[in-house]
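Shown next: query-v7.cif, given as mmCIF, C-alpha atoms and all ligand atoms.
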```cif
data_my_file
#
loop_
_atom_site.label_atom_id
_atom_site.label_comp_id
_atom_site.auth_asym_id
_atom_site.auth_seq_id
_atom_site.Cartn_x
_atom_site.Cartn_y
_atom_site.Cartn_z
CA MET A 1 100.44 179.52 158.36
CA LYS A 2 97.44 177.33 157.97
CA MET A 3 97.44 178.02 154.22
CA LYS A 4 101.11 177.13 153.93
CA LYS A 5 100.56 173.86 155.71
CA PHE A 6 97.77 173.04 153.29
CA ALA A 7 99.97 173.86 150.28
CA VAL A 8 102.73 171.59 151.60
CA ALA A 9 100.21 168.82 152.14
CA ALA A 10 98.98 169.30 148.58
CA ILE A 11 102.52 169.15 147.21
CA ILE A 12 103.23 166.00 149.21
CA ALA A 13 100.00 164.48 147.92
CA MET A 14 100.97 165.34 144.34
CA MET A 15 104.42 163.85 144.85
CA GLY A 16 102.80 160.76 146.19
CA MET A 17 100.71 160.46 143.06
CA THR A 18 103.78 160.86 140.87
CA LEU A 19 105.56 158.21 142.91
CA MET A 20 102.59 155.92 142.55
CA ALA A 21 102.68 156.40 138.79
CA CYS A 22 106.36 155.43 138.76
CA GLY A 23 105.60 152.53 141.09
CA GLY A 24 103.00 151.25 138.63
CA LYS A 25 105.51 151.24 135.81
CA LYS A 26 108.09 149.57 137.97
CA SER A 27 105.76 146.77 138.94
CA ALA A 28 104.95 146.14 135.25
CA GLU A 29 108.68 145.80 134.57
CA SER A 30 109.27 143.48 137.46
CA LYS A 31 106.28 141.39 136.33
CA ALA A 32 108.05 140.87 133.00
CA GLU A 33 111.29 140.03 134.85
CA GLY A 34 109.42 137.58 137.03
CA ALA A 35 107.96 135.96 133.94
CA ALA A 36 111.49 135.18 132.73
CA SER A 37 111.62 132.44 135.33
CA VAL A 38 108.73 130.52 133.76
CA LYS A 39 109.70 126.86 133.40
CA THR A 40 109.70 125.54 129.84
CA VAL A 41 110.50 122.20 128.18
CA ASN A 42 114.04 123.40 127.39
CA ALA A 43 115.37 126.06 129.77
CA GLY A 44 115.67 129.41 128.02
CA LYS A 45 113.59 128.26 125.04
CA LEU A 46 109.91 128.55 124.19
CA ILE A 47 108.99 125.73 121.82
CA MET A 48 106.02 126.47 119.59
CA ALA A 49 104.36 123.52 117.84
CA THR A 50 102.64 124.55 114.64
CA ASN A 51 101.75 123.38 111.14
CA ALA A 52 103.19 125.84 108.64
CA GLU A 53 100.54 125.24 106.00
CA PHE A 54 98.15 127.95 107.10
CA PRO A 55 98.99 131.31 105.52
CA PRO A 56 99.01 134.07 106.73
CA TYR A 57 99.22 132.59 110.25
CA GLU A 58 102.13 130.23 109.53
CA TYR A 59 103.75 129.32 106.24
CA HIS A 60 107.09 128.54 104.65
CA GLU A 61 109.04 131.26 102.89
CA GLY A 62 112.31 129.84 101.64
CA ASN A 63 113.88 128.12 104.65
CA GLU A 64 111.96 130.24 107.11
CA ILE A 65 108.61 129.85 108.80
CA LYS A 66 106.74 133.13 108.91
CA GLY A 67 103.33 134.47 109.81
CA ILE A 68 101.05 136.05 112.38
CA ASP A 69 101.37 133.23 114.96
CA VAL A 70 105.15 133.20 114.55
CA GLU A 71 105.39 136.93 115.26
CA ILE A 72 102.95 136.77 118.16
CA CYS A 73 104.88 133.90 119.77
CA GLN A 74 108.15 135.70 119.05
CA ALA A 75 106.82 138.74 120.91
CA VAL A 76 105.50 136.55 123.76
CA ALA A 77 108.90 134.81 124.00
CA GLU A 78 110.68 138.18 124.16
CA LYS A 79 108.42 139.31 127.00
CA LEU A 80 109.18 136.10 128.89
CA GLY A 81 112.92 136.42 128.25
CA LEU A 82 112.94 133.21 126.18
CA GLU A 83 114.15 132.24 122.73
CA LEU A 84 111.44 131.04 120.34
CA GLN A 85 111.95 127.67 118.68
CA ILE A 86 109.46 126.43 116.07
CA GLU A 87 108.47 122.78 115.59
CA ASP A 88 106.63 122.27 112.30
CA VAL A 89 104.51 119.11 112.59
CA ALA A 90 101.29 117.70 111.09
CA PHE A 91 98.24 119.60 112.36
CA ASP A 92 96.89 116.55 114.20
CA ALA A 93 100.29 116.08 115.93
CA ILE A 94 100.28 119.56 117.51
CA ILE A 95 98.14 118.73 120.55
CA PRO A 96 100.03 115.47 121.28
CA GLU A 97 103.35 117.42 121.11
CA VAL A 98 102.11 119.80 123.81
CA ALA A 99 100.25 117.17 125.87
CA SER A 100 103.31 114.89 125.97
CA GLY A 101 105.59 117.75 127.00
CA LYS A 102 107.69 118.00 123.81
CA ALA A 103 106.56 121.52 123.02
CA ASP A 104 105.50 124.41 125.27
CA LEU A 105 102.86 126.00 123.05
CA ALA A 106 100.42 125.10 120.33
CA ALA A 107 100.05 128.08 118.01
CA ALA A 108 98.43 127.25 114.72
CA GLY A 109 95.33 129.36 114.20
CA MET A 110 93.86 126.80 116.52
CA THR A 111 90.23 127.20 117.46
CA VAL A 112 89.19 126.48 121.02
CA THR A 113 86.82 123.49 121.13
CA GLU A 114 85.41 121.45 124.02
CA ASP A 115 87.20 118.32 122.75
CA ARG A 116 90.58 120.04 122.51
CA LYS A 117 90.08 121.45 126.01
CA GLN A 118 90.17 117.86 127.30
CA ASN A 119 93.81 117.65 126.18
CA MET A 120 95.15 121.19 126.45
CA ASP A 121 94.50 124.46 128.28
CA PHE A 122 93.88 127.49 126.07
CA SER A 123 94.98 131.10 126.46
CA ASP A 124 92.64 134.02 125.93
CA THR A 125 91.52 134.35 122.33
CA TYR A 126 93.88 136.47 120.21
CA ALA A 127 92.02 136.44 116.87
CA THR A 128 88.68 135.42 115.41
CA SER A 129 87.83 134.11 111.99
CA ILE A 130 85.16 132.30 110.02
CA GLN A 131 85.41 129.31 107.72
CA LEU A 132 84.60 129.58 104.04
CA ILE A 133 83.55 127.03 101.45
CA LEU A 134 85.73 126.91 98.34
CA VAL A 135 84.28 125.53 95.10
CA GLN A 136 85.16 125.53 91.41
CA GLU A 137 84.29 128.83 89.73
CA ASN A 138 81.43 127.30 87.73
CA SER A 139 80.07 125.15 90.58
CA SER A 140 76.34 124.93 91.28
CA ILE A 141 77.10 124.82 95.03
CA ALA A 142 75.95 128.16 96.42
CA GLY A 143 76.00 127.50 100.16
CA LYS A 144 76.29 125.02 102.99
CA GLU A 145 72.87 123.50 102.20
CA ASP A 146 74.12 122.37 98.77
CA LEU A 147 76.92 120.27 100.27
CA THR A 148 74.73 117.26 101.08
CA GLY A 149 75.87 114.28 99.03
CA LYS A 150 79.02 116.10 97.89
CA LYS A 151 82.70 115.31 98.51
CA ILE A 152 84.21 117.83 100.91
CA GLY A 153 87.98 118.22 101.26
CA VAL A 154 89.49 119.21 104.61
CA GLN A 155 92.78 119.22 106.44
CA LEU A 156 93.00 116.26 108.82
CA GLY A 157 92.17 117.11 112.42
CA THR A 158 91.07 120.69 111.85
CA THR A 159 87.68 122.06 112.82
CA SER A 160 86.74 121.81 109.10
CA ASP A 161 87.26 118.06 109.48
CA LEU A 162 85.35 117.86 112.77
CA PHE A 163 82.41 120.07 111.76
CA SER A 164 81.92 118.70 108.23
CA THR A 165 82.03 115.12 109.54
CA GLU A 166 79.35 116.09 112.08
CA ASP A 167 77.22 117.88 109.47
CA PHE A 168 77.56 115.62 106.42
CA GLY A 169 78.83 112.26 107.69
CA GLU A 170 82.05 110.30 107.46
CA ASP A 171 81.59 109.32 103.78
CA ALA A 172 81.34 112.91 102.61
CA VAL A 173 84.68 114.00 104.01
CA VAL A 174 88.01 113.58 102.22
CA ARG A 175 90.97 114.27 104.50
CA TYR A 176 94.31 115.67 103.37
CA SER A 177 97.46 116.35 105.36
CA LYS A 178 97.55 119.93 104.01
CA SER A 179 94.65 122.23 103.05
CA MET A 180 96.53 123.14 99.87
CA GLU A 181 96.37 119.49 98.75
CA ALA A 182 92.59 119.62 99.18
CA VAL A 183 92.50 122.82 97.11
CA GLN A 184 94.53 121.16 94.34
CA ALA A 185 92.15 118.18 94.34
CA LEU A 186 89.28 120.67 94.05
CA SER A 187 90.83 122.46 91.10
CA GLN A 188 91.31 119.05 89.40
CA GLY A 189 87.63 118.19 89.99
CA LYS A 190 88.39 115.25 92.30
CA ILE A 191 86.24 116.72 95.09
CA ASP A 192 83.36 119.24 95.11
CA ALA A 193 84.33 121.67 97.87
CA VAL A 194 86.97 122.56 100.44
CA ILE A 195 86.28 124.07 103.85
CA VAL A 196 89.04 126.22 105.32
CA ASP A 197 89.46 129.30 107.52
CA SER A 198 88.76 132.52 105.64
CA GLN A 199 92.17 134.21 105.49
CA THR A 200 93.83 131.02 104.29
CA ALA A 201 90.93 130.47 101.87
CA LYS A 202 91.52 133.92 100.37
CA GLU A 203 95.24 133.23 99.94
CA PHE A 204 94.43 129.97 98.12
CA VAL A 205 91.89 131.68 95.83
CA ASN A 206 94.60 134.17 94.84
CA GLU A 207 97.08 131.36 94.17
CA VAL A 208 95.01 128.70 92.43
CA LYS A 209 93.12 129.38 89.22
CA GLY A 210 89.49 128.35 88.71
CA ILE A 211 88.29 128.33 92.30
CA LYS A 212 86.21 130.78 94.34
CA ALA A 213 85.10 131.28 97.94
CA LEU A 214 81.37 131.40 98.71
CA ASP A 215 80.23 134.48 100.61
CA SER A 216 78.47 132.77 103.49
CA SER A 217 80.33 131.65 106.59
CA TYR A 218 80.49 127.94 107.42
CA SER A 219 81.60 128.31 111.06
CA ASP A 220 82.96 130.81 113.58
CA GLU A 221 86.51 130.30 114.79
CA ALA A 222 88.28 131.79 117.82
CA TYR A 223 92.05 131.26 117.89
CA ALA A 224 94.01 130.74 121.09
CA ILE A 225 97.39 129.41 122.19
CA GLY A 226 97.41 125.98 123.82
CA VAL A 227 99.61 124.87 126.73
CA LYS A 228 99.95 121.56 128.56
CA LYS A 229 96.94 120.86 130.74
CA GLY A 230 97.46 122.18 134.25
CA ASN A 231 100.47 124.37 133.38
CA THR A 232 98.87 127.49 134.84
CA GLU A 233 102.23 129.18 135.32
CA LEU A 234 102.89 129.23 131.58
CA LEU A 235 99.24 129.88 130.77
CA ASN A 236 99.18 132.96 133.02
CA ALA A 237 102.49 134.19 131.59
CA VAL A 238 101.18 133.79 128.02
CA ASN A 239 97.91 135.56 128.88
CA ALA A 240 99.79 138.43 130.57
CA ALA A 241 102.08 138.77 127.53
CA LEU A 242 99.10 138.68 125.12
CA ALA A 243 97.30 141.34 127.18
CA GLU A 244 100.38 143.57 127.06
CA LEU A 245 100.77 143.05 123.30
CA LYS A 246 97.11 143.96 122.87
CA SER A 247 97.30 147.13 124.95
CA GLU A 248 100.54 148.17 123.21
CA GLY A 249 98.75 147.84 119.85
CA LYS A 250 101.35 145.25 118.79
CA LEU A 251 98.79 142.48 118.25
CA ASP A 252 96.82 144.62 115.79
CA GLU A 253 100.04 145.72 114.12
CA ILE A 254 101.10 142.10 113.48
CA VAL A 255 97.68 141.07 112.13
CA THR A 256 97.46 144.14 109.88
CA LYS A 257 100.97 143.54 108.52
CA TYR A 258 99.94 140.13 107.18
CA THR A 259 96.39 140.94 106.06
CA LYS A 260 96.64 144.48 104.66
CA ALA A 261 96.79 143.23 101.06
CA GLU A 262 93.14 142.14 101.24
N1 LIG B 301 91.03 127.00 112.94
C1 LIG B 301 91.06 125.68 112.41
C2 LIG B 301 91.24 124.66 113.52
O1 LIG B 301 91.45 125.03 114.62
C3 LIG B 301 92.13 125.48 111.33
C4 LIG B 301 93.53 125.67 111.81
C5 LIG B 301 94.60 125.27 110.81
O2 LIG B 301 94.33 124.72 109.73
N2 LIG B 301 95.82 125.57 111.12
O3 LIG B 301 91.17 123.50 113.32
#
```
Is it possible to give me this structure as structure tokens?
Ligand code: GLN
Amino acid sequence: MKMKKFAVAAIIAMMGMTLMACGGKKSAESKAEGAASVKTVNAGKLIMATNAEFPPYEYHEGNEIKGIDVEICQAVAEKLGLELQIEDVAFDAIIPEVASGKADLAAAGMTVTEDRKQNMDFSDTYATSIQLILVQENSSIAGKEDLTGKKIGVQLGTTSDLFSTEDFGEDAVVRYSKSMEAVQALSQGKIDAVIVDSQTAKEFVNEVKGIKALDSSYSDEAYAIGVKKGNTELLNAVNAALAELKSEGKLDEIVTKYTKAE
């Protein structure tokens, strides 16, 4: 009798554990449902401000904008029950778009910096990178230390712009609206070097003849999604969605899809 009672108790305990397991799953689902009520600029939409000049993170292909950030934001939007809408603007207009409440997210391979944190809140980091120095194939520039006194091309408002201005002074830096324009100026010998994030740098080296990337890293970059300062509801929803995408292996899958050719 005593034994039987114990067995029943054990079965009840096991059932309880099974129920708890189901309960866990259920609460994850209802969390996603709850997230659908996140307020955005346009109800039902998730507006992503980007600059589609940064392959493989965002770039034009025909009439479409594709890339790692696009797919990540698409997956985030799906988890939040929203429809993704992309606003392609100049890189230095991305933060103002979000800060002024025209767009919900900044997603542009954007590195978290102290200055940018004054104007936007950042999600958890979803990718890391380094910056590389591009030079002409026959250049005598072998590293960062050789850049003193040289003309350095950057995309306006990027960390390449900020860091190279800090390191080499205002006169050394030539700013372009697109990194590709800087690369073209380099290939024509108008400037001596271009600084750009490594995956984009590698794409440009494959596309443009006569240029190479130096081996050493210029800076470390950690990409995150920006939201309007103080919008913790959206920030938390984005972070929860990113964490889910990470644990599902989806984040890795997206990055690998766009970088496997390397
Ligand atoms: N990671 C760099 C930055 O945050 C470059 C981003 C870009 O060119 N899209 O400024």
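Atom CA of Ala243 of chain A to atom CA of Glu78 of chain A spans 14.1 Å [interatomic distance, one decimal].
Restricting the calculation to all atoms listed in the file, the smallest distance between Ala201 of chain A and any of A:Gly67, A:Gln131, A:Gly143, A:Leu186 is found for A:Gln131.
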Write as an MDAnalysis selection string the residues around ligand LIG 301 (chain B), taking 10 Å as the cut-off and counting only C-alpha atoms and all ligand atoms.
chainID A and resid 50:55 57:58 90:92 94 107:113 116 128:131 154:163 177:179 195:198 200 219:224
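Among the candidate residues A:Ile211, A:Leu251, A:Ala193, A:Ala127, the one lying nearest to Lys150 of chain A is A:Ala193, with distances computed using only C-alpha atoms.
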Using only C-alpha atoms, what residues lie at most 10 Å away from (104.9, 137.3, 112.7) (file coordinates), given as a short mmCIF file (atom, residue, chain, number, x, y, z; two decimals) with C-alpha atoms, in the frame of the given file?
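Writing the result to result-v7.cif gives the following:
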```cif
data_model
loop_
_atom_site.label_atom_id
_atom_site.label_comp_id
_atom_site.auth_asym_id
_atom_site.auth_seq_id
_atom_site.Cartn_x
_atom_site.Cartn_y
_atom_site.Cartn_z
CA PRO A 56 99.01 134.07 106.73
CA TYR A 57 99.22 132.59 110.25
CA GLU A 58 102.13 130.23 109.53
CA ILE A 65 108.61 129.85 108.80
CA LYS A 66 106.74 133.13 108.91
CA GLY A 67 103.33 134.47 109.81
CA ILE A 68 101.05 136.05 112.38
CA ASP A 69 101.37 133.23 114.96
CA VAL A 70 105.15 133.20 114.55
CA GLU A 71 105.39 136.93 115.26
CA ILE A 72 102.95 136.77 118.16
CA CYS A 73 104.88 133.90 119.77
CA GLN A 74 108.15 135.70 119.05
CA ALA A 75 106.82 138.74 120.91
CA LEU A 251 98.79 142.48 118.25
CA GLU A 253 100.04 145.72 114.12
CA ILE A 254 101.10 142.10 113.48
CA VAL A 255 97.68 141.07 112.13
CA LYS A 257 100.97 143.54 108.52
CA TYR A 258 99.94 140.13 107.18
#
```
